[in-house]
Amino acid sequence: MPRQNVYMKQKTLDGIRELVDKRLAEGATSADANISSMCSELIEIGLRIMLHAKDHQEDENDFDERIYQRAVLEECVKARQASQEVFRMMYDLTEIKGDTRHNFSETVQILKQKAGERVNSILPEEE
């Protein structure tokens, strides 16, 4: 894997560290959640979005916010669909079905609640 030095603002680095800390708190290993892997993931997402937006731009200097938002939404939907499929397959396993510590419906409700709280903290509902 190629190595590249990148300079960034302190605020950006703090945000990346915060994301790494959240992943570690959620149970990721330090090999999976570290500054390097998080930066790589964020760059890949940004690159996909920018390339997607560039493919749909009419003018090199014309950046369409709607296309950008659509690309971000598309990436989020794909990630959600993939995680839902993995989640469904996981709960189809006999060993997990038989384990009374895990309840599929309860887990789905907890995930919906946490997602709602996170969305509302970023984009509060207008009254």
# chains A, B, ... in the order shown; residues from 1 in each chain; ligands from 1
call {"tool": "residues_around", "arguments": {"residues": "Glu41 of chain A", "least_positions_apart": "6", "cutoff": "12 Å", "atoms": "only C-alpha atoms", "output": "list in words"}}
result
Ile16, Leu19, Val20, Asp32, Ala33, Asn34, Ile35, Leu47 and Arg48 of chain A
call {"tool": "atom_distance", "arguments": {"atom1": "atom CA of Glu74 of chain A", "atom2": "atom CA of Ile45 of chain A"}}
result
11.3 Å
call {"tool": "atom_distance", "arguments": {"atom1": "atom CA of Val6 of chain A", "atom2": "atom CA of Cys39 of chain A"}}
result
9.9 Å
call {"tool": "residues_around", "arguments": {"residues": "Gly15 of chain A", "least_positions_apart": "6", "cutoff": "12 Å", "atoms": "only C-alpha atoms", "output": "list in words"}}
result
Met8, Lys9, Asp21, Lys22, Ile35, Met38, Cys39 and Leu42 of chain A
call {"tool": "atom_distance", "arguments": {"atom1": "atom CA of Glu106 of chain A", "atom2": "atom CA of Glu18 of chain A"}}
result
27.9 Å
